[in-house]
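Below: start-v2.txt (compact mmCIF, C-alpha atoms)
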```txt
# COMPACT_ATOMS: atom_id res chain seq x y z
CA MET A 23 54.39 36.81 -31.26
CA GLY A 24 55.36 33.49 -29.70
CA LYS A 25 57.32 32.52 -26.62
CA ILE A 26 60.86 33.85 -26.34
CA TYR A 27 63.65 32.00 -24.55
CA ALA A 28 67.33 32.70 -23.84
CA GLY A 29 69.89 29.93 -23.43
CA ILE A 30 73.60 29.72 -22.66
CA ASP A 31 76.15 26.95 -23.11
CA ILE A 32 79.51 27.47 -21.39
CA GLY A 33 81.93 25.14 -23.13
CA THR A 34 85.69 24.75 -22.88
CA ASP A 35 86.08 26.17 -26.38
CA CYS A 36 83.34 28.79 -26.58
CA VAL A 37 80.52 30.43 -24.69
CA LYS A 38 77.38 30.31 -26.82
CA VAL A 39 74.32 32.47 -26.14
CA ILE A 40 71.10 32.40 -28.13
CA VAL A 41 67.66 34.00 -27.98
CA VAL A 42 64.96 32.01 -29.73
CA GLU A 43 61.30 32.59 -30.47
CA LYS A 44 58.74 29.79 -30.78
CA ILE A 45 55.91 30.48 -33.22
CA LYS A 46 53.42 27.75 -34.17
CA ASN A 47 55.68 24.90 -33.00
CA GLU A 48 58.69 26.24 -34.90
CA PHE A 49 61.75 27.80 -33.32
CA HIS A 50 63.30 30.89 -34.89
CA LEU A 51 66.62 32.46 -33.96
CA LEU A 52 66.47 36.11 -32.90
CA ALA A 53 70.11 36.56 -31.91
CA SER A 54 73.21 34.51 -31.17
CA SER A 55 76.82 34.93 -30.12
CA LYS A 56 79.86 32.73 -29.76
CA LYS A 57 82.90 33.93 -27.85
CA LYS A 58 86.12 32.15 -26.97
CA SER A 59 86.04 30.63 -23.48
CA LYS A 60 88.74 31.34 -20.94
CA GLY A 61 89.00 30.04 -17.39
CA ILE A 62 87.28 26.68 -17.94
CA LYS A 63 88.72 23.26 -18.71
CA ARG A 64 86.91 19.94 -19.05
CA SER A 65 83.73 21.64 -17.83
CA GLU A 66 85.31 22.83 -14.57
CA VAL A 67 86.04 26.44 -13.62
CA ILE A 68 89.79 27.05 -13.22
CA ASP A 69 89.79 30.87 -13.33
CA ALA A 70 86.52 32.52 -12.33
CA LYS A 71 87.55 36.04 -13.35
CA GLU A 72 88.47 35.00 -16.90
CA LEU A 73 85.30 32.97 -17.30
CA VAL A 74 83.14 35.85 -16.08
CA ASN A 75 84.66 38.06 -18.76
CA SER A 76 84.03 35.41 -21.44
CA VAL A 77 80.38 35.08 -20.44
CA LYS A 78 79.90 38.84 -20.29
CA ASP A 79 81.38 39.25 -23.78
CA ALA A 80 78.99 36.66 -25.25
CA VAL A 81 75.97 38.08 -23.44
CA LYS A 82 76.82 41.64 -24.41
CA GLU A 83 76.84 40.80 -28.11
CA VAL A 84 73.30 39.38 -27.94
CA GLU A 85 72.10 42.31 -25.84
CA GLU A 86 73.44 44.79 -28.40
CA LYS A 87 71.76 42.95 -31.26
CA LEU A 88 68.35 43.04 -29.54
CA ASP A 89 68.78 46.28 -27.57
CA ILE A 90 67.78 44.56 -24.32
CA LYS A 91 69.41 43.24 -21.15
CA LEU A 92 69.44 39.50 -20.55
CA LYS A 93 68.32 38.77 -17.00
CA LYS A 94 67.00 35.21 -17.10
CA VAL A 95 68.61 32.29 -18.88
CA LEU A 96 68.46 28.55 -19.31
CA ILE A 97 71.83 26.80 -19.07
CA CYS A 98 73.47 23.61 -20.30
CA VAL A 99 75.15 21.53 -17.60
CA SER A 100 78.01 19.08 -18.08
CA ALA A 101 77.18 15.38 -17.78
CA LYS A 102 80.55 14.73 -16.14
CA ASN A 103 80.09 12.40 -13.13
CA CYS A 104 76.31 12.55 -13.45
CA ILE A 105 74.19 9.74 -11.98
CA PHE A 106 70.80 8.38 -13.00
CA ASN A 107 68.01 7.01 -10.86
CA ILE A 108 64.48 5.79 -11.56
CA VAL A 109 61.94 7.06 -9.02
CA ARG A 110 58.17 6.82 -8.65
CA GLY A 111 55.47 9.19 -7.45
CA LYS A 112 51.80 8.87 -6.58
CA VAL A 113 49.15 11.51 -5.74
CA GLU A 114 45.39 11.94 -5.65
CA VAL A 115 43.94 13.89 -8.55
CA LYS A 116 42.55 17.15 -7.17
CA ASN A 117 39.79 17.46 -9.73
CA LYS A 118 38.28 14.01 -10.19
CA GLU A 119 36.93 15.08 -13.57
CA LYS A 120 40.34 15.19 -15.24
CA VAL A 121 44.09 15.31 -14.68
CA THR A 122 45.58 18.79 -14.98
CA GLY A 123 49.05 20.26 -15.28
CA ALA A 124 48.92 21.01 -11.54
CA ASP A 125 48.46 17.28 -10.83
CA ILE A 126 51.45 16.47 -13.03
CA ARG A 127 53.58 18.97 -11.15
CA GLU A 128 52.52 17.46 -7.83
CA VAL A 129 53.20 13.84 -8.79
CA LEU A 130 56.65 14.78 -10.10
CA LYS A 131 57.40 16.54 -6.81
CA ASP A 132 56.27 13.45 -4.92
CA ALA A 133 58.61 11.27 -6.99
CA ILE A 134 61.62 13.51 -6.39
CA ILE A 135 61.28 14.30 -2.66
CA GLY A 136 63.96 12.59 -0.61
CA GLN A 137 65.66 11.00 -3.62
CA ILE A 138 68.59 13.37 -4.23
CA LYS A 139 71.93 12.01 -3.03
CA GLU A 140 74.10 14.01 -0.64
CA GLY A 141 76.60 16.18 -2.47
CA TYR A 142 74.52 16.13 -5.67
CA GLU A 143 72.00 18.46 -7.25
CA LEU A 144 68.94 17.53 -9.30
CA VAL A 145 69.25 18.72 -12.90
CA THR A 146 66.50 16.96 -14.84
CA ALA A 147 63.44 14.86 -14.06
CA MET A 148 62.15 13.21 -17.23
CA PRO A 149 58.93 11.22 -16.91
CA ILE A 150 59.08 7.78 -18.51
CA SER A 151 55.32 7.29 -18.25
CA PHE A 152 52.21 8.08 -16.24
CA CYS A 153 49.39 5.89 -14.91
CA VAL A 154 45.81 7.02 -14.20
CA ASP A 155 43.73 4.56 -12.14
CA GLY A 156 45.64 1.58 -13.53
CA ASN A 157 45.65 2.87 -17.10
CA ASP A 158 49.40 2.97 -17.62
CA ASN A 159 52.04 3.82 -20.25
CA ILE A 160 50.54 7.29 -20.74
CA LYS A 161 52.94 9.94 -22.04
CA ASP A 162 50.77 12.98 -21.26
CA PRO A 163 47.89 12.34 -18.82
CA LYS A 164 46.29 15.79 -19.01
CA GLY A 165 42.58 15.42 -19.65
CA TYR A 166 42.38 11.80 -18.44
CA LYS A 167 39.63 11.07 -15.88
CA GLY A 168 40.64 9.35 -12.66
CA SER A 169 41.39 9.69 -8.96
CA ILE A 170 44.99 8.41 -8.68
CA LEU A 171 47.92 9.66 -10.77
CA GLU A 172 51.24 7.79 -10.74
CA THR A 173 54.49 8.30 -12.59
CA LYS A 174 57.87 6.71 -13.23
CA VAL A 175 60.67 9.23 -13.68
CA VAL A 176 64.36 9.21 -14.57
CA ILE A 177 66.17 11.83 -12.53
CA THR A 178 69.66 13.07 -13.36
CA GLU A 179 71.95 14.46 -10.67
CA VAL A 180 75.34 16.16 -10.92
CA PRO A 181 77.95 16.97 -8.25
CA LYS A 182 77.16 20.21 -6.46
CA GLU A 183 80.63 21.75 -6.32
CA PRO A 184 81.37 22.20 -10.06
CA LEU A 185 77.73 23.09 -10.74
CA TYR A 186 77.64 25.79 -8.07
CA LYS A 187 80.82 27.32 -9.47
CA ILE A 188 79.11 27.75 -12.85
CA LEU A 189 75.97 29.14 -11.20
CA SER A 190 78.07 31.65 -9.24
CA ILE A 191 79.73 32.79 -12.47
CA LEU A 192 76.33 33.51 -14.00
CA ASP A 193 75.18 35.24 -10.83
CA ILE A 194 78.21 37.56 -10.99
CA CYS A 195 77.23 38.30 -14.60
CA GLY A 196 73.77 39.38 -13.40
CA LEU A 197 72.00 36.35 -14.88
CA GLU A 198 69.27 34.43 -13.09
CA VAL A 199 69.21 30.73 -13.98
CA ILE A 200 65.61 29.59 -14.21
CA ASP A 201 66.29 26.05 -15.39
CA MET A 202 69.15 23.79 -16.45
CA VAL A 203 69.58 20.58 -18.38
CA ILE A 204 72.37 18.15 -19.14
CA GLY A 205 73.89 19.23 -22.46
CA ALA A 206 73.49 15.70 -23.82
CA ILE A 207 69.73 15.88 -23.25
CA GLY A 208 69.74 19.16 -25.13
CA ASP A 209 71.48 17.36 -28.00
CA TYR A 210 68.67 14.81 -28.14
CA PHE A 211 65.91 17.41 -28.23
CA GLU A 212 67.65 19.19 -31.09
CA VAL A 213 68.35 16.16 -33.30
CA LYS A 214 65.37 13.93 -32.51
CA ASN A 215 62.63 12.79 -34.85
CA LYS A 216 59.43 10.83 -34.19
CA ASN A 217 61.07 7.44 -34.75
CA MET A 218 63.78 8.09 -32.18
CA ASP A 219 61.19 8.37 -29.41
CA TYR A 220 60.57 4.62 -29.85
CA GLN A 221 64.15 3.43 -30.36
CA VAL A 222 67.42 2.89 -28.54
CA GLY A 223 70.27 4.98 -29.88
CA ALA A 224 73.37 7.02 -29.15
CA ILE A 225 74.54 10.60 -29.60
CA ILE A 226 78.23 11.47 -29.73
CA ASN A 227 79.14 15.09 -29.03
CA ILE A 228 82.80 15.83 -29.77
CA GLY A 229 83.77 18.85 -27.71
CA GLU A 230 87.02 20.76 -27.27
CA ASP A 231 88.71 18.51 -24.73
CA THR A 232 86.10 15.82 -24.05
CA THR A 233 83.73 13.65 -26.06
CA ASN A 234 80.32 12.90 -24.59
CA VAL A 235 78.67 9.57 -25.42
CA SER A 236 75.01 9.19 -24.40
CA ILE A 237 72.56 6.31 -24.73
CA TYR A 238 68.85 7.00 -25.13
CA ASN A 239 65.92 4.63 -24.73
CA LYS A 240 62.64 5.94 -26.16
CA GLY A 241 63.78 9.54 -25.74
CA ILE A 242 65.14 9.12 -22.20
CA MET A 243 68.88 9.34 -21.53
CA ILE A 244 69.78 6.20 -19.57
CA LYS A 245 73.59 6.05 -19.77
CA ASN A 246 76.34 8.57 -20.29
CA SER A 247 80.13 8.64 -20.49
CA VAL A 248 82.59 11.51 -20.81
CA ILE A 249 85.83 10.60 -22.62
CA ASN A 250 88.89 12.79 -22.12
CA VAL A 251 89.66 13.37 -25.78
CA GLY A 252 88.29 15.98 -28.17
CA SER A 253 88.98 18.38 -31.02
CA TYR A 254 91.82 20.04 -29.11
CA TYR A 255 93.95 17.00 -29.88
CA VAL A 256 93.47 17.57 -33.61
CA ASP A 257 94.85 21.09 -33.20
CA HIS A 258 97.69 19.74 -31.06
CA ASP A 259 98.68 17.16 -33.67
CA ILE A 260 98.86 19.79 -36.40
CA SER A 261 100.79 22.17 -34.15
CA TYR A 262 103.29 19.49 -33.08
CA ILE A 263 103.94 17.93 -36.47
CA TYR A 264 104.31 21.21 -38.39
CA ASN A 265 105.85 23.23 -35.53
CA ILE A 266 103.27 26.01 -35.66
CA ASP A 267 101.30 27.69 -32.88
CA MET A 268 97.89 26.40 -31.82
CA ASP A 269 95.93 29.34 -33.25
CA GLU A 270 97.37 28.76 -36.70
CA ALA A 271 96.76 25.02 -36.37
CA ARG A 272 93.12 25.70 -35.58
CA LEU A 273 92.73 27.96 -38.61
CA LEU A 274 94.19 25.26 -40.85
CA LYS A 275 91.81 22.70 -39.39
CA GLU A 276 88.79 24.90 -40.00
CA ASN A 277 89.70 26.36 -43.41
CA PHE A 278 92.14 24.09 -45.24
CA VAL A 279 91.81 20.51 -44.02
CA VAL A 280 89.56 17.81 -45.48
CA ALA A 281 88.63 15.27 -42.80
CA SER A 282 88.92 12.31 -45.17
CA SER A 283 92.29 12.23 -46.96
CA ARG A 284 90.68 10.27 -49.77
CA TYR A 285 89.04 13.49 -50.93
CA ALA A 286 92.00 15.81 -50.26
CA ASP A 287 93.94 17.45 -53.09
CA SER A 288 97.68 16.78 -53.23
CA TYR A 289 98.11 19.80 -55.53
CA ASP A 290 96.37 22.23 -53.17
CA LYS A 291 99.22 23.64 -51.09
CA ILE A 292 99.79 26.32 -48.51
CA GLU A 293 102.92 27.99 -47.13
CA LEU A 294 103.59 27.75 -43.40
CA LYS A 295 106.03 29.50 -41.12
CA THR A 296 107.29 27.51 -38.15
CA MET A 297 107.64 28.99 -34.68
CA GLY A 298 111.38 29.09 -35.43
CA GLY A 299 110.80 31.22 -38.52
CA THR A 300 111.40 28.56 -41.19
CA LYS A 301 109.05 28.66 -44.20
CA TYR A 302 107.88 25.57 -46.07
CA THR A 303 104.93 24.30 -48.06
CA ILE A 304 102.48 21.51 -47.18
CA SER A 305 99.74 19.92 -49.25
CA GLN A 306 96.11 19.51 -48.28
CA LEU A 307 96.57 15.75 -48.63
CA ASP A 308 99.45 15.54 -46.14
CA ILE A 309 97.79 17.58 -43.38
CA SER A 310 94.44 15.86 -43.94
CA LYS A 311 96.09 12.50 -43.23
CA VAL A 312 97.19 13.84 -39.85
CA VAL A 313 93.70 15.06 -39.00
CA GLU A 314 91.99 11.93 -40.31
CA ALA A 315 94.10 9.70 -38.07
CA ARG A 316 93.08 11.60 -34.94
CA LEU A 317 89.39 11.78 -35.92
CA GLU A 318 89.32 8.04 -36.53
CA GLU A 319 90.84 7.47 -33.10
CA ILE A 320 88.20 9.64 -31.39
CA LEU A 321 85.35 7.90 -33.20
CA LYS A 322 86.75 4.43 -32.49
CA VAL A 323 86.97 5.23 -28.78
CA ALA A 324 83.38 6.54 -28.85
CA LYS A 325 82.23 3.41 -30.69
CA LYS A 326 83.84 1.20 -28.07
CA GLU A 327 82.23 3.26 -25.31
CA ILE A 328 78.77 2.72 -26.81
CA LYS A 329 79.34 -1.04 -26.52
CA ASN A 330 80.51 -0.62 -22.93
CA LEU A 331 77.40 1.37 -22.02
CA THR A 332 74.75 -0.95 -23.47
CA ASN A 333 74.18 -4.39 -24.95
CA ARG A 334 70.93 -3.29 -26.57
CA LYS A 335 70.51 -3.05 -30.30
CA ILE A 336 71.37 0.47 -31.41
CA SER A 337 69.03 1.92 -34.03
CA TYR A 338 70.85 5.20 -34.59
CA ILE A 339 74.13 6.95 -33.84
CA ILE A 340 74.26 10.72 -34.38
CA ILE A 341 77.43 12.80 -34.21
CA VAL A 342 77.39 16.48 -33.24
CA GLY A 343 79.94 19.05 -32.11
CA GLY A 344 81.78 21.85 -33.87
CA ILE A 345 84.46 19.62 -35.37
CA SER A 346 81.81 17.71 -37.31
CA GLU A 347 81.56 20.79 -39.53
CA ILE A 348 84.94 19.99 -41.14
CA THR A 349 84.57 19.20 -44.82
CA GLY A 350 84.43 15.45 -45.41
CA PHE A 351 83.79 14.53 -41.77
CA ASN A 352 80.84 12.35 -42.78
CA TYR A 353 83.17 10.13 -44.83
CA VAL A 354 85.26 9.40 -41.73
CA VAL A 355 82.06 8.56 -39.83
CA ASP A 356 81.01 6.16 -42.60
CA ASN A 357 84.40 4.48 -42.46
CA ILE A 358 84.11 3.80 -38.71
CA PHE A 359 80.39 3.16 -38.25
CA GLY A 360 79.02 2.32 -41.68
CA ASP A 361 75.46 3.43 -42.44
CA GLN A 362 74.42 3.09 -38.80
CA ALA A 363 75.69 6.59 -37.97
CA TYR A 364 75.44 10.02 -39.52
CA VAL A 365 76.52 13.60 -38.86
CA TYR A 366 73.71 15.89 -37.77
CA ASN A 367 72.95 18.76 -40.12
CA SER A 368 71.53 21.77 -38.28
CA THR A 369 68.83 23.61 -40.24
CA THR A 370 68.23 26.56 -37.90
CA MET A 371 68.66 29.77 -39.89
CA GLY A 372 71.46 31.91 -38.55
CA ILE A 373 73.31 29.16 -36.67
CA ARG A 374 73.70 26.22 -39.04
CA ASP A 375 76.54 25.01 -36.88
CA ASN A 376 76.70 21.76 -34.89
CA SER A 377 78.38 23.46 -31.96
CA TYR A 378 74.95 24.94 -31.07
CA THR A 379 73.03 21.66 -30.79
CA SER A 380 73.09 21.48 -26.98
CA VAL A 381 71.84 25.02 -26.35
CA LEU A 382 69.18 24.85 -29.09
CA GLY A 383 67.95 21.56 -27.68
CA LEU A 384 68.01 23.03 -24.18
CA ILE A 385 65.35 25.52 -25.22
CA LYS A 386 63.24 22.86 -26.94
CA TYR A 387 63.50 20.65 -23.85
CA PHE A 388 62.36 23.50 -21.60
CA ASP A 389 59.44 24.36 -23.86
CA ASP A 390 58.38 20.70 -23.86
CA LYS A 391 58.68 20.61 -20.08
CA LEU A 392 56.39 23.63 -19.75
CA ALA A 393 53.81 22.10 -22.08
CA LEU A 394 53.63 18.83 -20.11
CA ARG A 395 53.21 20.66 -16.82
CA ASP A 396 50.79 23.19 -18.35
CA SER A 397 53.02 25.97 -17.00
CA ASN A 398 54.28 29.27 -18.32
CA CYS A 399 57.55 31.15 -18.04
CA GLU A 400 58.01 34.70 -19.25
CA MET A 401 61.75 35.32 -19.48
CA PHE A 402 61.48 38.89 -20.76
CA PRO A 403 59.45 41.81 -19.37
CA ILE A 404 56.94 43.52 -21.63
CA GLU A 405 59.20 46.52 -22.27
CA ASP A 406 61.90 44.21 -23.62
CA LEU A 407 59.39 42.37 -25.78
CA LYS A 408 58.46 45.72 -27.30
CA LYS A 409 62.11 46.34 -28.20
CA ILE A 410 62.46 42.89 -29.73
CA VAL A 411 59.36 43.41 -31.85
CA SER A 412 60.63 46.84 -32.86
CA THR A 413 63.99 45.38 -33.83
CA ARG A 414 62.27 42.80 -36.02
CA GLY A 415 60.08 45.46 -37.60
CA LYS A 416 56.74 43.91 -36.74
CA SER A 417 53.51 45.85 -36.98
CA ASP A 418 51.68 47.56 -34.12
CA ILE A 419 48.82 45.09 -34.60
CA LEU A 420 51.05 42.10 -33.91
CA LEU A 421 52.59 43.85 -30.91
CA SER A 422 49.16 44.66 -29.52
CA LYS A 423 48.06 41.04 -29.81
CA MET A 424 51.22 39.80 -28.17
CA LEU A 425 50.96 42.21 -25.25
CA ASN A 426 47.33 41.23 -24.71
CA ASN A 427 48.35 37.57 -24.59
CA VAL A 428 51.01 38.35 -21.99
CA ALA A 429 48.55 40.31 -19.88
CA GLN A 430 45.92 37.56 -20.03
CA ASN A 431 48.36 34.75 -19.24
CA LYS A 432 48.00 34.28 -15.49
CA GLU A 433 48.98 30.63 -15.31
CA GLU A 434 51.49 29.43 -12.74
CA LYS A 435 55.06 30.24 -13.69
CA VAL A 436 57.99 27.92 -13.16
CA CYS A 437 60.48 30.78 -12.98
```

Structure encoded using structure tokens:
Amino acid sequence: MGKIYAGIDIGTDCVKVIVVEKIKNEFHLLASSKKKSKGIKRSEVIDAKELVNSVKDAVKEVEEKLDIKLKKVLICVSAKNCIFNIVRGKVEVKNKEKVTGADIREVLKDAIIGQIKEGYELVTAMPISFCVDGNDNIKDPKGYKGSILETKVVITEVPKEPLYKILSILDICGLEVIDMVIGAIGDYFEVKNKNMDYQVGAIINIGEDTTNVSIYNKGIMIKNSVINVGSYYVDHDISYIYNIDMDEARLLKENFVVASSRYADSYDKIELKTMGGTKYTISQLDISKVVEARLEEILKVAKKEIKNLTNRKISYIIIVGGISEITGFNYVVDNIFGDQAYVYNSTTMGIRDNSYTSVLGLIKYFDDKLALRDSNCEMFPIEDLKKIVSTRGKSDILLSKMLNNVAQNKEEKVC
């Protein structure tokens, strides 16, 4: 059995919780849940009691599927008002024979100490490169011989107040947060390929009431912008124009609309009932034109924001977010960006849904972080691992091997 992680993404639209297992460099979903969010707007808590209930509902569903209690989680953090800074660290290598994970942890600590701005909290520290005795541009220095280890790191900080409100919500829910990452960084770790680690590009995540635009240089997020427009405005347009409630508008968006009116059917019709009780019929073509206009506006604003954030040549633009699942959305993207951009297609069995990209990438980021630092984090006690194995129907032999590995693993833990 591989490593098992739990992650949570508290969005304005939904709370998403997943438990994932890593086996031989592949990530497999064990359980997931998605519950409607209440008490949060534009990534800020507006009603703590309602949000606590939303989180508990999502967590409970996963716990029931696996017959365990979630106690430790990784969380996605909003990039709203985040700031970036490049810092440097330098330490002596403890064992002159080779650099170890302990040395990497120490040089990262040295880079971070005293760098966090007042009123902000450190969320991520992503090494750009390492240097061992003048041998620079090293991505992973473990095993290199030398006496001096240096590093250049991009740190990301977010305002304390909104972050602490989210952390207090999870604490009330009985969840210990062992690490957190900007949701946009999670997006990158989910959608990335080998080429992207050497290119400059952008990821657009269209959320419920905001759209996040991030710029990445060789796998490091260097710029970010949060635009106050999202999929909610599509629902609002449908609701306003056809005089129906927002819930019905959302259902039409998800089950009847084609994002590109060019591919909509004028003969495919549906009967609506207005909030005043009047019944009438609309065609797929007519309502798709309404949706297409708003989607084009969102993408055009995001395109403009990319230009505002960087003058560098962009090699890729990837669009994620739940609304990108609408049939024909890729045609709207082609119309605005041409062949430079594409809609991400999630391939994770059980959650082939672009609303999960941030939380899936969160787990991959954390696993990568552990590997670089040569650290370990066991998020579930052995008794819970037994239940998970039992739920999946694995053999006693596999369970025995897994438990032996847990018992033998005495490396330093980050949690």

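For the atom pair formed by atom CA of A:Val313 and atom CA of A:Ser55, the distance is 27.5 Å, given to one decimal.
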
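Distance annotation: of A:Ile345, A:Ile242, A:Ile336, A:Ala147, the residue with the minimal separation from A:Glu276 is A:Ile345; atom set is all atoms listed in the file.
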
* Using only C-alpha atoms, which of A:Ile226, A:Ile45, A:Ile373, A:Ile134 sits nearest A:Thr178? ->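 Of A:Ile226, A:Ile45, A:Ile373, A:Ile134, the one nearest A:Thr178 is A:Ile134, counting only C-alpha atoms.
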
Can you list every residue of stretch 230-312 of chain A that has an atom at most 9 Å from stretch 89-102 of chain A, with its nearest atom pair and the distance in Å to one decimal, using only C-alpha atoms, ordered by chain then number, as CSV?
```
residue,atom,partner,partner_atom,distance
A:Asn234,CA,A:Ala101,CA,7.9
A:Asn246,CA,A:Ala101,CA,7.3
A:Ser247,CA,A:Lys102,CA,7.5
A:Val248,CA,A:Lys102,CA,6.0
```

Judged by all atoms listed in the file, the minimum distance to A:Ile40 among A:Ile410, A:Ala271, A:Ile138, A:Ile385 is found for A:Ile385

**Q.** Point-to-point distance in Å for atom CA of A:Ile358 and atom CA of A:Leu321
**A.**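 Between atom CA of A:Leu321 and atom CA of A:Ile358 the gap is 7.0 Å.
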
Practice problem: Would you kindly return, as a ChimeraX atom specification, each protein, DNA or RNA residue with an atom no farther than 12 Å from any atom of stretch 111-123 of chain A, considering only C-alpha atoms and excluding same-chain residues fewer than 5 positions away? | Solution: /A:128-137,147,149-156,160,162-176,391-398,433-436

Task: Nearest candidate to A:Arg110 (options A:Ala28, A:Val342, A:Ile177, A:Leu384; using only C-alpha atoms) - done: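 That would be A:Ile177, the residue with the smallest distance to A:Arg110.
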
Dump stretch 52-87 of chain A with C-alpha atoms to a file, as a PDB file, in the first residue's frame.
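Final file, selection34.pdb:
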```pdb
ATOM      1  CA  LEU A  52     -10.136   6.333  -2.513  1.00  0.00           C
ATOM      2  CA  ALA A  53     -13.072   8.596  -1.687  1.00  0.00           C
ATOM      3  CA  SER A  54     -14.431  12.029  -2.530  1.00  0.00           C
ATOM      4  CA  SER A  55     -17.306  14.332  -1.676  1.00  0.00           C
ATOM      5  CA  LYS A  56     -18.654  17.637  -2.911  1.00  0.00           C
ATOM      6  CA  LYS A  57     -21.183  19.579  -0.867  1.00  0.00           C
ATOM      7  CA  LYS A  58     -22.734  22.980  -1.441  1.00  0.00           C
ATOM      8  CA  SER A  59     -20.903  25.753   0.429  1.00  0.00           C
ATOM      9  CA  LYS A  60     -22.725  28.144   2.701  1.00  0.00           C
ATOM     10  CA  GLY A  61     -21.269  30.998   4.722  1.00  0.00           C
ATOM     11  CA  ILE A  62     -18.404  31.901   2.377  1.00  0.00           C
ATOM     12  CA  LYS A  63     -18.179  34.476  -0.391  1.00  0.00           C
ATOM     13  CA  ARG A  64     -15.194  35.402  -2.539  1.00  0.00           C
ATOM     14  CA  SER A  65     -13.014  33.189  -0.337  1.00  0.00           C
ATOM     15  CA  GLU A  66     -13.936  35.035   2.868  1.00  0.00           C
ATOM     16  CA  VAL A  67     -15.987  33.640   5.751  1.00  0.00           C
ATOM     17  CA  ILE A  68     -19.263  35.552   6.199  1.00  0.00           C
ATOM     18  CA  ASP A  69     -21.125  33.053   8.406  1.00  0.00           C
ATOM     19  CA  ALA A  70     -18.913  30.705  10.407  1.00  0.00           C
ATOM     20  CA  LYS A  71     -21.761  28.492  11.642  1.00  0.00           C
ATOM     21  CA  GLU A  72     -23.069  27.793   8.140  1.00  0.00           C
ATOM     22  CA  LEU A  73     -19.588  27.105   6.795  1.00  0.00           C
ATOM     23  CA  VAL A  74     -18.823  24.706   9.646  1.00  0.00           C
ATOM     24  CA  ASN A  75     -21.934  22.727   8.739  1.00  0.00           C
ATOM     25  CA  SER A  76     -20.933  22.653   5.057  1.00  0.00           C
ATOM     26  CA  VAL A  77     -17.459  21.348   5.887  1.00  0.00           C
ATOM     27  CA  LYS A  78     -18.825  18.759   8.302  1.00  0.00           C
ATOM     28  CA  ASP A  79     -21.273  17.479   5.671  1.00  0.00           C
ATOM     29  CA  ALA A  80     -18.494  17.019   3.103  1.00  0.00           C
ATOM     30  CA  VAL A  81     -16.137  15.380   5.591  1.00  0.00           C
ATOM     31  CA  LYS A  82     -18.839  13.072   6.903  1.00  0.00           C
ATOM     32  CA  GLU A  83     -19.541  11.661   3.450  1.00  0.00           C
ATOM     33  CA  VAL A  84     -15.889  10.682   2.967  1.00  0.00           C
ATOM     34  CA  GLU A  85     -15.679   9.242   6.478  1.00  0.00           C
ATOM     35  CA  GLU A  86     -18.725   7.059   5.849  1.00  0.00           C
ATOM     36  CA  LYS A  87     -17.299   5.782   2.570  1.00  0.00           C
TER      37      LYS A  87
END
```
